[in-house]
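Structure file input-v6.txt with compact mmCIF, C-alpha atoms:
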```
# COMPACT_ATOMS: atom_id res chain seq x y z
CA MET A 22 -27.49 -57.07 -22.28
CA GLU A 23 -24.77 -59.50 -21.24
CA SER A 24 -26.90 -60.75 -18.36
CA ARG A 25 -29.85 -61.23 -20.72
CA GLN A 26 -27.70 -63.09 -23.20
CA SER A 27 -26.25 -65.30 -20.50
CA SER A 28 -29.74 -66.03 -19.17
CA LYS A 29 -30.97 -66.83 -22.67
CA PHE A 30 -27.98 -69.06 -23.23
CA THR A 31 -28.62 -70.88 -19.97
CA LEU A 32 -32.29 -71.32 -20.79
CA ALA A 33 -31.49 -72.53 -24.29
CA THR A 34 -28.94 -74.94 -22.89
CA PHE A 35 -31.50 -76.24 -20.41
CA ARG A 36 -34.06 -76.69 -23.18
CA VAL A 37 -31.59 -78.69 -25.23
CA LYS A 38 -30.50 -80.92 -22.36
CA SER A 39 -33.85 -81.43 -20.67
CA PRO A 40 -35.15 -84.05 -23.17
CA ARG A 41 -32.01 -86.10 -22.56
CA ILE A 42 -32.57 -85.94 -18.83
CA LYS A 43 -36.16 -87.02 -19.28
CA ARG A 44 -35.19 -89.93 -21.51
CA LYS A 45 -32.52 -91.01 -19.07
CA TYR A 46 -34.75 -91.10 -16.01
CA LEU A 47 -38.00 -92.09 -17.68
CA ARG A 48 -39.08 -95.53 -16.53
CA LYS A 49 -41.08 -97.55 -19.02
CA TYR A 50 -44.19 -99.07 -17.52
CA SER A 51 -44.43 -102.81 -18.13
CA TRP A 52 -47.05 -105.36 -17.19
CA LEU A 53 -46.57 -108.55 -19.16
CA PRO A 54 -42.77 -108.75 -18.59
CA ASP A 55 -43.34 -108.54 -14.83
CA VAL A 56 -46.08 -111.17 -15.01
CA LEU A 57 -43.70 -113.60 -16.73
CA ARG A 58 -40.69 -112.67 -14.61
CA LEU A 59 -39.20 -115.25 -12.27
CA LYS A 60 -36.03 -113.50 -11.11
CA GLY A 61 -36.79 -111.24 -8.17
CA SER A 62 -40.23 -112.76 -7.58
CA ILE A 63 -41.38 -114.75 -4.58
CA ILE A 64 -41.96 -117.94 -6.60
CA GLY A 65 -38.67 -119.54 -5.64
CA ARG A 66 -39.46 -119.10 -1.96
CA ILE A 67 -42.95 -120.65 -2.01
CA ILE A 68 -42.68 -123.23 -4.79
CA GLY A 69 -42.40 -126.11 -2.31
CA PRO A 70 -45.53 -125.37 -0.27
CA VAL A 71 -47.54 -124.57 -3.42
CA LEU A 72 -46.58 -127.90 -5.00
CA THR A 73 -47.59 -129.67 -1.78
CA VAL A 74 -51.08 -128.16 -1.94
CA THR A 75 -51.27 -128.96 -5.66
CA ILE A 76 -50.41 -132.62 -5.01
CA PHE A 77 -53.06 -132.81 -2.31
CA ALA A 78 -55.66 -131.31 -4.67
CA ALA A 79 -54.65 -133.89 -7.33
CA LEU A 80 -55.13 -136.71 -4.83
CA VAL A 81 -58.57 -135.37 -3.93
CA ALA A 82 -59.51 -135.17 -7.61
CA TYR A 83 -58.24 -138.71 -8.22
CA ALA A 84 -60.24 -140.07 -5.28
CA TRP A 85 -63.32 -138.21 -6.54
CA SER A 86 -62.88 -139.72 -10.02
CA LYS A 87 -62.83 -143.19 -8.44
CA GLY A 88 -66.21 -142.60 -6.82
CA LYS A 89 -64.94 -141.76 -3.34
CA ARG A 90 -66.96 -139.23 -1.37
CA VAL A 91 -64.49 -136.44 -0.51
CA VAL A 92 -66.90 -133.51 -0.50
CA LEU A 93 -66.95 -130.89 2.29
CA THR A 94 -69.81 -128.51 3.00
CA ASN A 95 -69.52 -125.01 1.57
CA SER A 96 -70.13 -123.33 4.94
CA VAL A 97 -66.60 -124.00 6.24
CA VAL A 98 -64.43 -122.25 3.64
CA PRO A 99 -66.14 -118.82 3.84
CA LEU A 100 -65.51 -118.70 7.59
CA LEU A 101 -61.85 -119.56 7.15
CA SER A 102 -61.41 -117.14 4.24
CA VAL A 103 -62.42 -114.14 6.36
CA VAL A 104 -59.98 -115.05 9.14
CA VAL A 105 -57.14 -115.81 6.73
CA GLY A 106 -57.70 -112.56 4.84
CA LEU A 107 -57.56 -110.43 7.99
CA ILE A 108 -54.45 -112.15 9.30
CA LEU A 109 -52.63 -111.85 5.97
CA VAL A 110 -53.44 -108.15 5.64
CA PHE A 111 -52.21 -107.43 9.16
CA ARG A 112 -49.10 -109.55 8.64
CA ASN A 113 -48.19 -107.82 5.40
CA SER A 114 -48.77 -104.31 6.73
CA THR A 115 -46.75 -105.02 9.87
CA SER A 116 -43.78 -106.31 7.86
CA TYR A 117 -43.82 -103.36 5.47
CA ASP A 118 -44.03 -100.95 8.40
CA ARG A 119 -40.80 -102.45 9.72
CA PHE A 120 -39.21 -102.20 6.28
CA TRP A 121 -40.29 -98.58 5.85
CA GLU A 122 -39.26 -97.68 9.40
CA GLY A 123 -35.75 -98.92 8.68
CA ARG A 124 -35.58 -96.88 5.48
CA LYS A 125 -36.81 -93.71 7.17
CA CYS A 126 -34.37 -94.03 10.06
CA PHE A 127 -31.39 -94.62 7.76
CA SER A 128 -32.45 -91.66 5.64
CA SER A 129 -32.62 -89.51 8.78
CA ILE A 130 -29.07 -90.55 9.69
CA THR A 131 -27.92 -89.58 6.20
CA SER A 132 -29.57 -86.17 6.55
CA ASN A 133 -28.08 -85.60 10.00
CA VAL A 134 -24.60 -86.54 8.81
CA ARG A 135 -24.87 -84.15 5.87
CA ASN A 136 -26.04 -81.29 8.08
CA LEU A 137 -23.46 -81.94 10.77
CA SER A 138 -20.66 -82.16 8.20
CA ARG A 139 -21.69 -78.89 6.60
CA MET A 140 -21.93 -77.09 9.94
CA ILE A 141 -18.54 -78.34 11.12
CA TRP A 142 -16.81 -77.52 7.84
CA ILE A 143 -18.21 -73.98 7.66
CA HIS A 144 -18.78 -72.83 11.24
CA VAL A 145 -15.71 -74.24 12.98
CA SER A 146 -13.10 -71.53 12.46
CA LEU A 147 -10.30 -69.81 14.24
CA PRO A 148 -11.39 -66.99 16.57
CA PRO A 149 -10.88 -63.44 15.28
CA ALA A 150 -7.34 -62.15 15.77
CA GLU A 151 -8.27 -58.50 16.27
CA ASP A 152 -8.22 -56.76 19.61
CA HIS A 153 -10.84 -57.46 22.21
CA PRO A 154 -14.06 -55.62 21.25
CA ALA A 155 -15.33 -53.14 23.77
CA HIS A 156 -18.94 -54.27 23.58
CA VAL A 157 -18.11 -57.93 24.35
CA LEU A 158 -18.01 -58.86 28.02
CA GLY A 159 -15.42 -61.32 29.20
CA LYS A 160 -12.26 -62.54 27.58
CA THR A 161 -12.12 -63.33 23.89
CA PRO A 162 -10.80 -66.91 23.47
CA THR A 163 -7.63 -67.51 21.54
CA SER A 164 -6.34 -70.61 19.82
CA ALA A 165 -2.82 -71.80 19.12
CA LEU A 166 -3.93 -73.85 16.12
CA THR A 167 -2.91 -72.94 12.64
CA THR A 168 -5.27 -72.97 9.70
CA ALA A 169 -3.76 -76.21 8.40
CA GLN A 170 -4.07 -77.91 11.79
CA LEU A 171 -7.69 -76.85 12.11
CA LYS A 172 -8.45 -78.11 8.63
CA HIS A 173 -6.90 -81.47 9.51
CA GLN A 174 -9.04 -81.71 12.65
CA LYS A 175 -12.19 -80.87 10.71
CA ILE A 176 -11.40 -83.52 8.09
CA GLU A 177 -11.02 -86.10 10.85
CA VAL A 178 -14.39 -85.15 12.35
CA LEU A 179 -16.03 -85.42 8.92
CA GLN A 180 -14.48 -88.87 8.57
CA PHE A 181 -16.05 -89.83 11.90
CA CYS A 182 -19.41 -88.63 10.57
CA VAL A 183 -19.17 -90.93 7.55
CA ALA A 184 -17.74 -93.78 9.64
CA PHE A 185 -20.78 -93.59 11.91
CA VAL A 186 -23.04 -94.53 8.99
CA PHE A 187 -20.86 -97.52 8.09
CA ALA A 188 -20.69 -98.55 11.75
CA VAL A 189 -24.49 -98.48 12.04
CA LYS A 190 -24.77 -100.66 8.92
CA HIS A 191 -22.46 -103.30 10.38
CA TYR A 192 -24.02 -103.03 13.83
CA LEU A 193 -27.49 -103.76 12.44
CA ARG A 194 -26.05 -106.85 10.74
CA ASN A 195 -24.52 -108.02 14.03
CA GLU A 196 -21.05 -107.17 12.73
CA ASP A 197 -19.86 -104.82 15.44
CA GLY A 198 -16.28 -103.62 15.51
CA PRO A 199 -13.86 -101.99 13.04
CA ASP A 200 -12.54 -105.20 11.39
CA TYR A 201 -14.17 -104.67 8.00
CA ASP A 202 -12.68 -103.60 4.70
CA ASP A 203 -15.08 -100.75 4.01
CA TYR A 204 -13.66 -98.81 6.98
CA THR A 205 -10.41 -98.39 5.05
CA GLY A 206 -9.92 -94.74 4.22
CA ILE A 207 -12.94 -93.72 6.31
CA LEU A 208 -11.86 -94.10 9.93
CA PRO A 209 -9.31 -91.39 10.78
CA ALA A 210 -5.72 -92.51 11.02
CA SER A 211 -5.52 -91.07 14.52
CA PHE A 212 -8.29 -93.35 15.72
CA THR A 213 -6.45 -95.85 17.87
CA ARG A 214 -6.83 -99.53 17.04
CA ILE A 215 -9.02 -101.20 19.60
CA HIS A 216 -7.67 -104.15 21.55
CA ASP A 217 -8.43 -106.25 24.59
CA LEU A 218 -7.33 -105.13 28.00
CA GLY A 219 -4.66 -107.60 29.02
CA TYR A 220 -2.83 -108.22 32.23
CA THR A 221 0.69 -108.47 33.63
CA THR A 222 1.85 -111.92 34.63
CA ALA A 223 3.64 -112.77 37.83
CA GLN A 224 6.91 -113.26 35.96
CA GLY A 225 6.82 -109.70 34.72
CA LYS A 226 6.03 -110.76 31.13
CA SER A 227 3.06 -109.32 29.41
CA SER A 228 0.42 -111.28 27.62
CA PRO A 229 -0.07 -110.65 23.88
CA THR A 230 -2.64 -108.01 24.75
CA SER A 231 -1.26 -106.56 27.94
CA TYR A 232 -0.91 -103.16 29.47
CA ASP A 233 1.24 -101.65 32.14
CA ALA A 234 -1.07 -101.23 35.11
CA ALA A 235 1.16 -98.58 36.61
CA SER A 236 0.84 -96.34 33.56
CA THR A 237 -2.73 -97.08 32.58
CA THR A 238 -4.91 -94.01 32.46
CA SER A 239 -8.50 -93.51 31.55
CA ASP A 240 -7.47 -92.61 28.01
CA SER A 241 -5.44 -95.79 27.50
CA ILE A 242 -8.28 -97.88 28.91
CA HIS A 243 -10.60 -96.22 26.43
CA ASN A 244 -8.24 -96.93 23.57
CA ASN A 245 -7.81 -100.62 24.49
CA THR A 246 -11.41 -101.66 24.28
CA ASP A 247 -12.07 -104.92 22.45
CA ALA A 248 -14.07 -104.75 19.24
CA THR A 249 -16.12 -107.93 19.05
CA LYS A 250 -19.82 -108.38 18.44
CA ARG A 251 -20.19 -105.91 21.28
CA ILE A 252 -17.35 -103.72 22.48
CA ARG A 253 -16.44 -105.41 25.75
CA ARG A 254 -13.86 -104.41 28.29
CA LYS A 255 -12.43 -107.61 29.64
CA ARG A 256 -11.44 -107.32 33.28
CA SER A 257 -8.79 -109.69 34.52
CA LYS A 258 -8.46 -111.03 38.03
CA LYS A 259 -4.78 -111.88 37.52
CA LEU A 260 -2.14 -110.59 39.87
CA LEU A 261 -0.76 -107.16 39.11
CA VAL A 262 2.87 -106.65 40.11
CA GLY A 263 5.26 -103.73 40.03
CA HIS A 264 8.08 -103.91 37.51
CA THR A 265 10.72 -101.55 38.79
CA ALA A 266 11.62 -99.57 41.81
CA ALA A 267 10.47 -96.48 40.00
CA SER A 268 7.03 -97.88 39.57
CA THR A 269 7.07 -98.94 43.22
CA SER A 270 7.92 -95.42 44.34
CA THR A 271 5.32 -93.77 42.18
CA THR A 272 2.64 -96.39 42.64
CA PRO A 273 2.87 -97.83 46.16
CA LEU A 274 -0.26 -99.94 45.67
CA LEU A 275 1.54 -101.89 42.93
CA SER A 276 4.70 -102.71 44.85
CA ASN A 277 6.45 -106.07 45.07
CA SER A 278 3.79 -107.32 47.46
CA HIS A 279 1.39 -108.90 45.00
CA GLN A 280 -1.89 -107.04 44.92
CA THR A 281 -5.01 -108.80 43.65
CA VAL A 282 -7.46 -106.53 41.85
CA GLU A 283 -11.09 -107.62 42.21
CA PHE A 284 -13.84 -106.31 39.94
CA HIS A 285 -17.56 -106.43 40.54
CA PRO A 286 -19.51 -108.95 38.43
CA TYR A 287 -21.45 -106.24 36.58
CA ALA A 288 -18.20 -105.01 35.00
CA ASP A 289 -18.01 -108.15 32.85
CA ARG A 290 -21.38 -107.38 31.33
CA MET A 291 -20.61 -103.80 30.32
CA THR A 292 -20.69 -103.39 26.54
CA MET A 293 -20.58 -100.53 24.09
CA PRO A 294 -21.55 -100.75 20.40
CA PHE A 295 -18.95 -99.43 18.00
CA PRO A 296 -21.25 -96.69 16.58
CA LEU A 297 -21.52 -95.23 20.08
CA LEU A 298 -17.74 -95.02 20.32
CA ILE A 299 -17.77 -92.94 17.15
CA ALA A 300 -20.63 -90.82 18.52
CA HIS A 301 -18.55 -90.18 21.63
CA GLU A 302 -15.69 -89.04 19.43
CA LEU A 303 -18.03 -86.63 17.63
CA SER A 304 -19.36 -85.20 20.89
CA SER A 305 -15.83 -84.87 22.24
CA ALA A 306 -14.75 -83.05 19.10
CA ILE A 307 -17.64 -80.58 19.36
CA PHE A 308 -16.83 -79.97 23.01
CA ARG A 309 -13.15 -79.46 22.14
CA PHE A 310 -14.04 -76.97 19.41
CA LYS A 311 -16.13 -75.00 21.88
CA ARG A 312 -13.49 -75.08 24.59
CA GLU A 313 -10.80 -73.85 22.20
CA GLY A 314 -12.95 -70.98 20.97
CA LEU A 315 -13.53 -72.36 17.47
CA LEU A 316 -17.30 -71.96 17.61
CA GLU A 317 -17.42 -68.27 18.47
CA THR A 318 -19.09 -67.39 15.15
CA VAL A 319 -22.19 -69.46 16.00
CA GLY A 320 -22.13 -69.25 19.77
CA PRO A 321 -23.88 -71.66 22.17
CA ALA A 322 -26.79 -72.11 19.78
CA GLY A 323 -24.50 -73.52 17.11
CA MET A 324 -22.90 -75.95 19.53
CA ASN A 325 -26.31 -77.08 20.74
CA ALA A 326 -27.42 -77.63 17.14
CA MET A 327 -24.38 -79.80 16.42
CA SER A 328 -24.87 -81.77 19.62
CA GLY A 329 -28.53 -82.21 18.74
CA LEU A 330 -27.59 -83.71 15.38
CA VAL A 331 -25.29 -86.23 17.06
CA GLN A 332 -28.07 -87.08 19.49
CA SER A 333 -30.50 -87.53 16.61
CA MET A 334 -28.03 -89.88 14.88
CA VAL A 335 -27.90 -92.05 18.00
CA ASP A 336 -31.70 -91.93 18.30
CA GLN A 337 -32.14 -93.15 14.73
CA MET A 338 -29.62 -95.92 15.30
CA THR A 339 -31.57 -96.98 18.39
CA SER A 340 -34.82 -97.02 16.41
CA MET A 341 -33.28 -99.34 13.80
CA GLU A 342 -31.80 -101.42 16.60
CA ARG A 343 -35.33 -101.82 17.96
CA VAL A 344 -36.50 -103.15 14.59
CA ALA A 345 -33.53 -105.51 14.27
CA ASN A 346 -33.81 -106.86 17.82
CA THR A 347 -37.60 -107.20 17.93
CA PRO A 348 -38.72 -109.90 15.49
CA ILE A 349 -42.36 -110.70 14.96
CA PRO A 350 -43.34 -113.27 17.61
CA ALA A 351 -42.95 -116.83 16.38
CA PRO A 352 -46.44 -118.00 17.51
CA TYR A 353 -47.98 -115.36 15.27
CA GLY A 354 -46.19 -116.59 12.16
CA ILE A 355 -46.84 -120.23 13.06
CA HIS A 356 -50.56 -119.65 13.55
CA LEU A 357 -50.79 -117.77 10.26
CA LYS A 358 -49.17 -120.63 8.35
CA GLN A 359 -51.46 -123.12 10.08
CA CYS A 360 -54.59 -121.14 9.17
CA VAL A 361 -53.51 -120.72 5.53
CA THR A 362 -52.65 -124.43 5.26
CA LEU A 363 -55.98 -125.46 6.78
CA TYR A 364 -57.84 -123.21 4.36
CA LEU A 365 -55.94 -124.48 1.30
CA PHE A 366 -56.44 -128.13 2.28
CA ALA A 367 -60.15 -127.56 2.85
CA LEU A 368 -60.59 -125.69 -0.45
CA PRO A 369 -60.32 -128.70 -2.87
CA LEU A 370 -62.76 -130.68 -0.74
CA THR A 371 -65.28 -127.88 -1.25
CA LEU A 372 -64.73 -127.33 -4.98
CA ILE A 373 -64.26 -130.88 -6.23
CA ASN A 374 -67.97 -131.67 -6.60
CA ASP A 375 -68.59 -128.62 -8.82
CA LEU A 376 -65.32 -128.26 -10.73
CA GLY A 377 -63.92 -131.77 -10.92
CA TRP A 378 -60.39 -131.92 -12.31
CA SER A 379 -60.40 -128.13 -12.74
CA THR A 380 -60.02 -127.93 -8.97
CA ILE A 381 -56.27 -128.60 -9.27
CA PRO A 382 -55.22 -125.43 -11.19
CA ILE A 383 -57.69 -123.26 -9.24
CA VAL A 384 -56.34 -124.45 -5.88
CA THR A 385 -52.79 -123.95 -7.17
CA VAL A 386 -53.52 -120.33 -8.10
CA VAL A 387 -55.17 -119.65 -4.73
CA ALA A 388 -52.24 -121.24 -2.89
CA PHE A 389 -49.78 -119.18 -4.93
CA THR A 390 -51.67 -115.99 -4.06
CA LEU A 391 -52.01 -116.54 -0.31
CA MET A 392 -48.60 -118.10 0.27
CA GLY A 393 -47.00 -115.39 -1.87
CA ILE A 394 -48.39 -112.67 0.40
CA GLU A 395 -47.05 -114.43 3.48
CA GLY A 396 -43.71 -115.07 1.75
CA ILE A 397 -43.30 -111.40 0.86
CA ALA A 398 -44.08 -110.40 4.45
CA ASP A 399 -41.49 -112.86 5.75
CA GLU A 400 -38.96 -111.58 3.19
CA ILE A 401 -39.10 -107.91 4.21
CA GLU A 402 -39.77 -108.07 7.93
CA MET A 403 -36.01 -107.96 8.72
CA PRO A 404 -34.70 -105.31 6.29
CA PHE A 405 -31.04 -105.01 7.33
CA GLY A 406 -29.55 -108.25 6.02
CA TYR A 407 -27.88 -109.35 2.80
CA ASP A 408 -30.94 -110.72 0.98
CA SER A 409 -31.74 -109.31 -2.43
CA HIS A 410 -34.94 -107.69 -1.15
CA ASP A 411 -33.42 -106.13 1.97
CA LEU A 412 -32.53 -102.48 2.15
CA PRO A 413 -29.38 -101.74 0.08
CA LEU A 414 -27.41 -100.39 3.03
CA ASP A 415 -24.12 -100.67 1.13
CA THR A 416 -25.50 -98.35 -1.58
CA TYR A 417 -26.75 -95.89 1.02
CA CYS A 418 -23.33 -95.82 2.70
CA ASP A 419 -21.53 -95.32 -0.59
```

Can the structure in the file be given as structure tokens, please?
Amino acid sequence: MESRQSSKFTLATFRVKSPRIKRKYLRKYSWLPDVLRLKGSIIGRIIGPVLTVTIFAALVAYAWSKGKRVVLTNSVVPLLSVVVGLILVFRNSTSYDRFWEGRKCFSSITSNVRNLSRMIWIHVSLPPAEDHPAHVLGKTPTSALTTAQLKHQKIEVLQFCVAFVFAVKHYLRNEDGPDYDDYTGILPASFTRIHDLGYTTAQGKSSPTSYDAASTTSDSIHNNTDATKRIRRKRSKKLLVGHTAASTSTTPLLSNSHQTVEFHPYADRMTMPFPLLIAHELSSAIFRFKREGLLETVGPAGMNAMSGLVQSMVDQMTSMERVANTPIPAPYGIHLKQCVTLYLFALPLTLINDLGWSTIPIVTVVAFTLMGIEGIADEIEMPFGYDSHDLPLDTYCD
């Protein structure tokens, strides 16, 4: 009886609240307000070219009213209209495909981050503390971590998951590196600040961004990578000298005899986007969890699933990078504008004999229609910027 009453109460509650939900999310269909709307439309982008065609049509009408022969045969415009129509349709569909591809890829990253975060938070756990089971071959792994330490590590990995999305957003906008305000509170505190690799001067004084060559390891090199438009490791050809006798004894190659370190030219061109640094941190964390026996509840399949999600995140970033770095060829856009302009300038010469002064508003409407289609295509072909019609990446990240 109690279960029935609770179910009835829940159903009654749902019935009471459902109309409010419907009213809240119901979108009123409007036609006339959108027809008269200027904000958010393409009019501001094409008003100049449309007025140019309108002025030309007015000049043609004025010349016709003065008895000038400015008539063009009707066989030209139909040929141009077919070509212009095909080009505009292809142009618009290509631009929207790029826009939709960017949205799908960013949505896939969101889904992968949610799945990876859930799997890490639930499946990463301390190995069982009971005795070694008889039916399990091999040694049961043990971990020295406490529950609080493991929770802290998992929180840091989840922060890396969210930071990857923000890093992709900035990377697509050519804003690589961690020097942005929205990383505050997202990048883990343990994530070392990235700096240039410096050098040691001959006087034994370090440059503002210097490192001790005798104590530099692969980890310190990794943590001193510059975050610019592309993460670049700057190699220096300065002289490296030993500082003390201790360093001389432990590192004979860096003794008081000045050693010049030469790097191959290809090293100066090595770059790494900031999202890939975060992806490396995620893969390293998954590997560390497996090595420390924290993924025993899911086994190798669980680790492979997590690694696959990280790989999918990088794949989706690469797909959006392809869209951002592959603009529509300039000759294609130029030829389209030339064809549309030729058609619109030939149109008043064809209509003036039949319509007279009415040619001006008709040509204006046709120019607004054709140029508007091309303007919309140009507006959405690069969907990762800050324009009002670009994808709201900031909203997606939030």

Hey, what's within 10 Å of stretch 187-195 of chain A if we count all atoms listed in the file and toss same-chain stuff fewer than 2 positions away? As an MDAnalysis selection string, please?
chainID A and resid 127 130 181:185 197:199 201 203:204 207:208 249:251 294:299 334:335 337:339 341:346 404:407 414:415 417:419

Please dump the current selection as a PDB file, in the frame of the given file; keep C-alpha atoms.
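Generated file (out-v5.pdb):
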```
ATOM      1  CA  PHE A 127     -31.390 -94.620   7.760  1.00  0.00           C
ATOM      2  CA  ILE A 130     -29.070 -90.550   9.690  1.00  0.00           C
ATOM      3  CA  PHE A 181     -16.050 -89.830  11.900  1.00  0.00           C
ATOM      4  CA  CYS A 182     -19.410 -88.630  10.570  1.00  0.00           C
ATOM      5  CA  VAL A 183     -19.170 -90.930   7.550  1.00  0.00           C
ATOM      6  CA  ALA A 184     -17.740 -93.780   9.640  1.00  0.00           C
ATOM      7  CA  PHE A 185     -20.780 -93.590  11.910  1.00  0.00           C
ATOM      8  CA  ASP A 197     -19.860-104.820  15.440  1.00  0.00           C
ATOM      9  CA  GLY A 198     -16.280-103.620  15.510  1.00  0.00           C
ATOM     10  CA  PRO A 199     -13.860-101.990  13.040  1.00  0.00           C
ATOM     11  CA  TYR A 201     -14.170-104.670   8.000  1.00  0.00           C
ATOM     12  CA  ASP A 203     -15.080-100.750   4.010  1.00  0.00           C
ATOM     13  CA  TYR A 204     -13.660 -98.810   6.980  1.00  0.00           C
ATOM     14  CA  ILE A 207     -12.940 -93.720   6.310  1.00  0.00           C
ATOM     15  CA  LEU A 208     -11.860 -94.100   9.930  1.00  0.00           C
ATOM     16  CA  THR A 249     -16.120-107.930  19.050  1.00  0.00           C
ATOM     17  CA  LYS A 250     -19.820-108.380  18.440  1.00  0.00           C
ATOM     18  CA  ARG A 251     -20.190-105.910  21.280  1.00  0.00           C
ATOM     19  CA  PRO A 294     -21.550-100.750  20.400  1.00  0.00           C
ATOM     20  CA  PHE A 295     -18.950 -99.430  18.000  1.00  0.00           C
ATOM     21  CA  PRO A 296     -21.250 -96.690  16.580  1.00  0.00           C
ATOM     22  CA  LEU A 297     -21.520 -95.230  20.080  1.00  0.00           C
ATOM     23  CA  LEU A 298     -17.740 -95.020  20.320  1.00  0.00           C
ATOM     24  CA  ILE A 299     -17.770 -92.940  17.150  1.00  0.00           C
ATOM     25  CA  MET A 334     -28.030 -89.880  14.880  1.00  0.00           C
ATOM     26  CA  VAL A 335     -27.900 -92.050  18.000  1.00  0.00           C
ATOM     27  CA  GLN A 337     -32.140 -93.150  14.730  1.00  0.00           C
ATOM     28  CA  MET A 338     -29.620 -95.920  15.300  1.00  0.00           C
ATOM     29  CA  THR A 339     -31.570 -96.980  18.390  1.00  0.00           C
ATOM     30  CA  MET A 341     -33.280 -99.340  13.800  1.00  0.00           C
ATOM     31  CA  GLU A 342     -31.800-101.420  16.600  1.00  0.00           C
ATOM     32  CA  ARG A 343     -35.330-101.820  17.960  1.00  0.00           C
ATOM     33  CA  VAL A 344     -36.500-103.150  14.590  1.00  0.00           C
ATOM     34  CA  ALA A 345     -33.530-105.510  14.270  1.00  0.00           C
ATOM     35  CA  ASN A 346     -33.810-106.860  17.820  1.00  0.00           C
ATOM     36  CA  PRO A 404     -34.700-105.310   6.290  1.00  0.00           C
ATOM     37  CA  PHE A 405     -31.040-105.010   7.330  1.00  0.00           C
ATOM     38  CA  GLY A 406     -29.550-108.250   6.020  1.00  0.00           C
ATOM     39  CA  TYR A 407     -27.880-109.350   2.800  1.00  0.00           C
ATOM     40  CA  LEU A 414     -27.410-100.390   3.030  1.00  0.00           C
ATOM     41  CA  ASP A 415     -24.120-100.670   1.130  1.00  0.00           C
ATOM     42  CA  TYR A 417     -26.750 -95.890   1.020  1.00  0.00           C
ATOM     43  CA  CYS A 418     -23.330 -95.820   2.700  1.00  0.00           C
ATOM     44  CA  ASP A 419     -21.530 -95.320  -0.590  1.00  0.00           C
TER      45      ASP A 419
END
```

d(atom CA of A:Leu412, atom CA of A:Ser116) in Å
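These two atoms are separated by 13.2 Å.
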
Stretch 375-377 of chain A surroundings by all atoms listed in the file, 12 Å radius, close-in-sequence under 2 positions cut, as a list in words:
Ala78, Ala79, Leu80, Val81, Ala82, Tyr83, Ala84, Trp85, Ser86, Lys87, Gly88, Val91, Val92, Leu93, Thr94, Asn95, Leu368, Pro369, Leu370, Thr371, Leu372, Ile373, Ser379, Thr380, Ile381, Pro382, Ile383 and Val384 of chain A

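If you look at atom CA of A:Ala398 and atom CA of A:Ser333, they are 29.2 Å away from each other.
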
A:Gln359, A:Asn113, A:Thr168, A:Ser340: which is nearest A:Lys125, counting all atoms listed in the file?
A:Ser340

With only C-alpha atoms as the atoms that count, which of A:Val56, A:Ser62, A:Phe212, A:Asp336 lies nearest to A:Cys126?
A:Asp336

Check the smallest atom-to-atom distance from each of A:Ser51, A:Ser146, A:Ser96, A:Thr73 to A:Met392 using all atoms listed in the file, then report the winner.
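Residue with the minimum atom-to-atom distance to A:Met392: A:Thr73.
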
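Nearest residue to A:Leu391, choosing from A:Asn325, A:Thr362, A:Ser305, A:Ser211 and counting all atoms listed in the file: A:Thr362.
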
Of the candidates A:Ile64, A:Leu100, A:Ala169, A:Leu137, which shows the shortest atom-to-atom distance to A:Gly323, using all atoms listed in the file?
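Looking only at the distances to A:Gly323, the closest residue turns out to be A:Leu137.
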
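The two atoms in question, atom CA of A:Phe366 and atom CA of A:Phe77, are spaced 7.4 Å apart.
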